Amino acid sequence: MTITADTLGRDHDHRPWLTRLAHACEPYLYSAPSLILIVVVMLVPLVIGISYAFRDIQLLNPFSGGFIGLEHFRELSRDAAFYGALRNTLWWTGASVLLQFVFGLILALLLDKPFWGRGLVQALVFIPWAVPSFLAGLNWAWLFNPVIGPLPHWLFGLGLMSQPGNILSDPQYAMWGPIVANVWWGIPFFAITLLAALQAIPRDLYEAASIDGANWFQRFFSITLPFLAPTIAITVLLRTVWISNFADLIVVMTGGGPADRTQIVASYIFTQAFKALDFGYASAIALVLLVLLLAYSMLIILLRQTLLNKD
Amino acid sequence: MKQSLLPTVAHRIAILCYIAFALFPLFWLLKVSVTPNDLLYSEGVRMWPSRTTFDHYAFVLRHSSFPTFFKNSLIVSGSTAVVVTVCASLSGYALSRFSFRAKYWIVALMLLTQMFPLVMLVAPIFKILSPLGLTNSLTGLVFVYSAFNVPFATFLMQSFFDGIPKDLEEAAMIDGATKFTAFRQIILPLTLPGIAATLGFVFTAAWSELLFALMLINGNAAATFPVGLLTFVSKFSVDFGQMMAAGVLALIPAGLFFLLIQRYLVQGLTAGAVKG
Amino acid sequence: MASIEIEKLEKSYGHVSVLHGIDLDIRDGEFIVLVGPSGCGKSTLLRMIAGLEGVSKGEIRIAGNRVNDLHPKDRDIAMVFQSYALYPHMNVAGNMSYSLRLRKTAKEKIGAAVAGAAAKLGLEPLLERRPKALSGGQRQRVAMGRAIVRQPKAFLFDEPLSNLDARLREQMRAEIKKMHADLKATSIYVTHDQIEAMTLADRIVAMHGGVVQQVGSPLDLYDRPANLFVAGFIGSPGMNFLDVTYSGGALRLKDGSQIEASVPESTPEGSSLTLGIRPEHVVITSDGRGRRALVELIEPTGFGIILHLSLHGIAFKVFTLDRQALAVTGEIMVAFPAEHIHLFNDEGKRIG
């Protein structure tokens, strides 16, 4: 790496070289501890993990470790559980992001106008965000449990269920359990982000629009949405990636069951590594997930470029 | 202008719905944790039991390994918070105040770490830490959690540093301070709220982490609270009262952090709205 | 106190050059004002003297010593910032004593220095307050106090008054002038406000586009501006400019009418020049002399009146103290006294 901190006028810098070197090193010294941590604990394992994808690494088998080329990927292409996990990931991510976003936006709009007790209300509705994710998962698992939770009884009372059962063990509806927990847990994040963006919109724009005779809906679509659009785009993009990797709730609530109906790719990787102790296969799935996520990000960037060029 | 009543009423009702949705699960947790065992099934969906008890808490605190879990989590989360805040203050300062060649790459690297599935690292990290004797050890967890949280904390700290005018440092340097003295005596004291927020944020993140703790820790001695609670759930899945009492206890640090950070919630966290 | 010499000083950011060879000798105890429009490089020059910006080429010497590579802390200068840059977490006394504490000065000495500066600036009752609890004017005073507690080699001011309202600015301007008369400290003061420049400076350095346009006493710049830029920048309302040609031994406007002025003999026949005259030097005549101008707008300022005229279609201003001008309509006659006419050649340089 070339060290040139002083990009300003470096062509004719006549300071003694020692002073210059000390000056140039400064930002690197400040960043070093963080960088070392990231490289050692994240980047190196990432590279090693990629290499595992092409090796036979099983924790309990002392004779494993050999290079096996694309064997894992061939196996993966025949793995029905993997395809199921892919479908579930789409479903899990799509439903979670959409619901979190819609309810988060509504909440942000509700909190945008000053009213008596807003500070308190804000603190109360943001509480779920501070709940540790494993506890959120357990908490909702208990709520769905007919022995201890009220939800099955209420659903039964409303006639939505033939008997008060646990939807987490119902193959058809099990996915809704983690999704509801995820929405509960994630609404505050969207609301906080969008609320901050809302409050950055200059108030006089609304006043000007009102004077021009715009009603609430016209103001929303002509001022609020265009101003929020960049925040919405970036938040939804990042959230999509994040949620598709977010396995905690599923591991805690269903462990992927019943019959793999709630298994997403991220939890499948974890199950392979943690339960089956097949690190090689887990890394191969992880690599596929990484490639898919990269492709998704690229797609979004391309889409954005085309949209920008059209204007 | 005349305010019509209808929108206001609708607004308040909507707000109440949100509050109810947000708080109900936690309320239920609390309710079951104070319900005596004999009423648990007979008064199933009642909003509040006819009798309350703290027996579950007493049991959890006296006769289970939860105090150990609590202590382990406290050590891990506290150390992680301190390590990350120190590192992130330094790197956040570098990103905020210097323009240097590798800056772009450092930012890109940190953003990348926010994008890729951390679960990918479960296997390799286990393989790396195990010969070093860092599996089943709190030190190993601190190490791993610190790395995971440094990128986000760096962005958070950077945004706090960006909020402090550069003039102040320059004034200090003209007054006779070196750059590092100015950082220590002028900038850091002014970033205290940011440092508190970062400490709290990282503490909670480390407190909540489950997957790596499950993978790296086995046995009760070094288990953190999430691991302990989950093992407890799978072993004694009928003692609902005790489980929920433990759950309420697990909420305490998160609640403390929430009180601390409430003020900076909207203002501070949007800056680094990269991660939940 | 010390002298400051600046020699062939250049500054560039990457390929963008912002200062092109500045030469300036500042004498011990002198009050120098750097003035110019925003982006002219005046602040960059000040920050280079302070050590907050690196030197690309050339040399800065304080008291005869080259300081190019010295850290700001080792240059022994004090600076007052536009934003004041008071440390929010220290009280007034803490702000003022910070530099002395960094130098490990003895406690009694610090106390005496702070008390002295506070007395000078009327800050005694505020010493325990935090900057947040001060008004704009008080903050400004604290910033000045912070500069004068230690006796530095030079004071640098970076537009220190621009955040104050007009009344306070006037008052602080006078106080700075008094302080300078008192301390006789070498001072460099950056401003875009020409009134501040005129009232404060021993010498003004007018800058534009990273180049020094003229150095001289305030009245030098007012009476004999070296070029069109200085002529237009100094004075308010700004100088009027008319295009003229020199032919047949006289100056002629576009319409051919003659203007009387002393033109240097060396001026070549047929050259096009720019004629400048300040609004306050234009005379409104009532005896038929002068030239016709159309009145377009009348601005009373209280003290005087600014008439916006159109002279052969060119916008033109007159400043007069005569209140009768408030009532004028239609056309009036204006004359340009020859002794107040400035002439500039086609490069914008003053001639004569």
# chains A, B, ... in the order shown; residues from 1 in each chain; ligands from 1
$ closest_atom_pairs --of "region 55-83 of chain B" --to "region 228-233 of chain B" --cutoff "9 Å" --atoms "only C-alpha atoms" --output "Markdown table"
| residue | atom | partner | partner_atom | distance |
| --- | --- | --- | --- | --- |
| B:Ser65 | CA | B:Gly228 | CA | 7.9 |
| B:Phe66 | CA | B:Gly228 | CA | 7.1 |
| B:Phe69 | CA | B:Gly228 | CA | 6.2 |
$ write_last_selection --atoms "all heavy atoms" --output "PDB file, in the first residue's frame"
ATOM      1  N   SER B  65     -28.503 -22.521  37.061  1.00  0.00           N
ATOM      2  CA  SER B  65     -27.208 -21.960  36.669  1.00  0.00           C
ATOM      3  C   SER B  65     -27.360 -20.550  36.104  1.00  0.00           C
ATOM      4  O   SER B  65     -26.407 -19.991  35.591  1.00  0.00           O
ATOM      5  CB  SER B  65     -26.558 -22.841  35.603  1.00  0.00           C
ATOM      6  OG  SER B  65     -26.505 -24.160  36.040  1.00  0.00           O
ATOM      7  N   PHE B  66     -28.570 -20.000  36.201  1.00  0.00           N
ATOM      8  CA  PHE B  66     -28.758 -18.694  35.567  1.00  0.00           C
ATOM      9  C   PHE B  66     -27.852 -17.598  36.106  1.00  0.00           C
ATOM     10  O   PHE B  66     -27.378 -16.776  35.327  1.00  0.00           O
ATOM     11  CB  PHE B  66     -30.228 -18.278  35.625  1.00  0.00           C
ATOM     12  CG  PHE B  66     -31.000 -18.840  34.478  1.00  0.00           C
ATOM     13  CD1 PHE B  66     -31.836 -19.928  34.637  1.00  0.00           C
ATOM     14  CD2 PHE B  66     -30.854 -18.303  33.208  1.00  0.00           C
ATOM     15  CE1 PHE B  66     -32.516 -20.465  33.566  1.00  0.00           C
ATOM     16  CE2 PHE B  66     -31.533 -18.827  32.129  1.00  0.00           C
ATOM     17  CZ  PHE B  66     -32.364 -19.912  32.307  1.00  0.00           C
ATOM     18  N   PHE B  69     -24.855 -17.905  34.095  1.00  0.00           N
ATOM     19  CA  PHE B  69     -25.072 -17.404  32.727  1.00  0.00           C
ATOM     20  C   PHE B  69     -25.074 -15.886  32.713  1.00  0.00           C
ATOM     21  O   PHE B  69     -24.491 -15.243  31.842  1.00  0.00           O
ATOM     22  CB  PHE B  69     -26.431 -17.881  32.173  1.00  0.00           C
ATOM     23  CG  PHE B  69     -26.582 -19.374  32.165  1.00  0.00           C
ATOM     24  CD1 PHE B  69     -27.855 -19.947  32.211  1.00  0.00           C
ATOM     25  CD2 PHE B  69     -25.484 -20.208  32.091  1.00  0.00           C
ATOM     26  CE1 PHE B  69     -28.008 -21.316  32.193  1.00  0.00           C
ATOM     27  CE2 PHE B  69     -25.627 -21.583  32.075  1.00  0.00           C
ATOM     28  CZ  PHE B  69     -26.889 -22.138  32.133  1.00  0.00           C
TER      29      PHE B  69
END
$ residues_around --residues "Thr52 (chain B)" --least-positions-apart "3" --cutoff "7 Å" --atoms "only C-alpha atoms" --output "PDB file with N, CA and C atoms, in the first residue's frame"
ATOM      1  N   VAL B  34     -45.147 -14.525  36.939  1.00  0.00           N
ATOM      2  CA  VAL B  34     -45.608 -14.340  38.326  1.00  0.00           C
ATOM      3  C   VAL B  34     -46.853 -15.184  38.635  1.00  0.00           C
ATOM      4  N   THR B  35     -47.240 -16.049  37.679  1.00  0.00           N
ATOM      5  CA  THR B  35     -48.395 -16.902  37.931  1.00  0.00           C
ATOM      6  C   THR B  35     -47.955 -18.178  38.656  1.00  0.00           C
ATOM      7  N   PRO B  36     -48.604 -18.511  39.771  1.00  0.00           N
ATOM      8  CA  PRO B  36     -48.272 -19.759  40.460  1.00  0.00           C
ATOM      9  C   PRO B  36     -48.571 -20.955  39.565  1.00  0.00           C
ATOM     10  N   PRO B  49     -53.390 -13.212  36.692  1.00  0.00           N
ATOM     11  CA  PRO B  49     -53.768 -14.318  37.582  1.00  0.00           C
ATOM     12  C   PRO B  49     -54.413 -13.804  38.869  1.00  0.00           C
TER      13      PRO B  49
END
$ interface_residues --of "chain B" --to "chain A" --cutoff "6 Å" --atoms "only C-alpha atoms" --output "ChimeraX atom specification"
/B:19,22,45,87,90-91,94,100,117,120,123-125,147,208,254,266,270
$ interface_residues --of "chain B" --to "chain C" --cutoff "8 Å" --atoms "only C-alpha atoms" --output "NGL selection string"
:B and (165 or 167-168 or 170-178 or 186 or 189-190)
$ write_last_selection --atoms "N, CA, C and O atoms" --output "compact mmCIF listing (two decimals), in the first residue's frame"
# COMPACT_ATOMS: atom_id res chain seq x y z
N PRO B 165 -17.50 20.39 15.43
CA PRO B 165 -16.83 21.25 14.45
C PRO B 165 -15.31 21.07 14.48
O PRO B 165 -14.72 20.92 15.55
N ASP B 167 -13.22 23.25 13.85
CA ASP B 167 -12.62 24.44 14.46
C ASP B 167 -12.09 24.17 15.86
O ASP B 167 -11.05 24.70 16.26
N LEU B 168 -12.84 23.36 16.63
CA LEU B 168 -12.46 23.15 18.02
C LEU B 168 -11.09 22.53 18.13
O LEU B 168 -10.27 22.92 18.95
N GLU B 170 -8.78 22.63 15.82
CA GLU B 170 -7.78 23.57 15.31
C GLU B 170 -7.45 24.60 16.37
O GLU B 170 -6.29 24.95 16.57
N ALA B 171 -8.51 25.05 17.07
CA ALA B 171 -8.27 26.01 18.15
C ALA B 171 -7.36 25.40 19.20
O ALA B 171 -6.43 26.05 19.69
N ALA B 172 -7.61 24.12 19.51
CA ALA B 172 -6.78 23.46 20.53
C ALA B 172 -5.34 23.36 20.06
O ALA B 172 -4.40 23.56 20.83
N MET B 173 -5.16 23.05 18.78
CA MET B 173 -3.79 22.91 18.27
C MET B 173 -3.07 24.24 18.32
O MET B 173 -1.88 24.31 18.62
N ILE B 174 -3.80 25.32 18.02
CA ILE B 174 -3.18 26.63 18.09
C ILE B 174 -2.90 27.00 19.53
O ILE B 174 -1.90 27.63 19.85
N ASP B 175 -3.77 26.54 20.43
CA ASP B 175 -3.53 26.78 21.85
C ASP B 175 -2.33 25.98 22.36
O ASP B 175 -1.91 26.17 23.50
N GLY B 176 -1.83 25.05 21.53
CA GLY B 176 -0.62 24.35 21.94
C GLY B 176 -0.79 22.87 22.16
O GLY B 176 0.04 22.24 22.81
N ALA B 177 -1.86 22.27 21.64
CA ALA B 177 -2.06 20.85 21.83
C ALA B 177 -1.59 20.08 20.60
O ALA B 177 -1.69 20.58 19.49
N THR B 178 -1.08 18.86 20.82
CA THR B 178 -0.81 18.00 19.67
C THR B 178 -2.15 17.46 19.19
O THR B 178 -3.17 17.59 19.87
N ILE B 186 -10.29 17.49 24.03
CA ILE B 186 -11.38 18.31 23.48
C ILE B 186 -12.44 17.42 22.83
O ILE B 186 -13.62 17.51 23.16
N PRO B 189 -14.22 14.24 25.24
CA PRO B 189 -15.24 14.66 26.21
C PRO B 189 -16.54 15.09 25.55
O PRO B 189 -17.61 14.88 26.09
N LEU B 190 -16.44 15.66 24.37
CA LEU B 190 -17.65 16.14 23.68
C LEU B 190 -18.41 14.99 23.04
O LEU B 190 -19.56 15.13 22.67
$ interface_residues --of "chain C" --to "chain A" --cutoff "7 Å" --atoms "only C-alpha atoms" --output "count of residues only"
6
$ residues_around --residues "Val82 (chain B)" --least-positions-apart "4" --cutoff "7 Å" --atoms "only C-alpha atoms" --output "PyMOL selection string"
chain B and resi 78+86+199
$ select_by_dssp --residues "region 16-79 of chain B" --states "alpha helix (DSSP H)" --output "ChimeraX atom specification"
/B:16-33,37-40,55-63,66-79
$ atom_distance --atom1 "CA of Ile332 (chain C)" --atom2 "CA of Pro300 (chain C)"
17.3 Å
$ residues_around --residues "Val142 (chain B)" --least-positions-apart "6" --cutoff "7 Å" --atoms "only C-alpha atoms" --output "PyMOL selection string"
chain B and resi 76+79-80
$ write_last_selection --atoms "N, CA, C and O atoms" --output "short mmCIF file (atom, residue, chain, number, x, y, z; two decimals), in the first residue's frame"
data_model
loop_
_atom_site.label_atom_id
_atom_site.label_comp_id
_atom_site.auth_asym_id
_atom_site.auth_seq_id
_atom_site.Cartn_x
_atom_site.Cartn_y
_atom_site.Cartn_z
N VAL B 76 -18.86 -11.04 29.06
CA VAL B 76 -18.66 -11.01 27.61
C VAL B 76 -19.15 -9.69 27.01
O VAL B 76 -18.42 -9.02 26.28
N SER B 79 -17.02 -6.59 28.26
CA SER B 79 -15.69 -6.51 27.64
C SER B 79 -15.82 -6.15 26.16
O SER B 79 -15.07 -5.32 25.65
N THR B 80 -16.78 -6.80 25.48
CA THR B 80 -16.96 -6.50 24.06
C THR B 80 -17.27 -5.01 23.88
O THR B 80 -16.68 -4.35 23.01
#
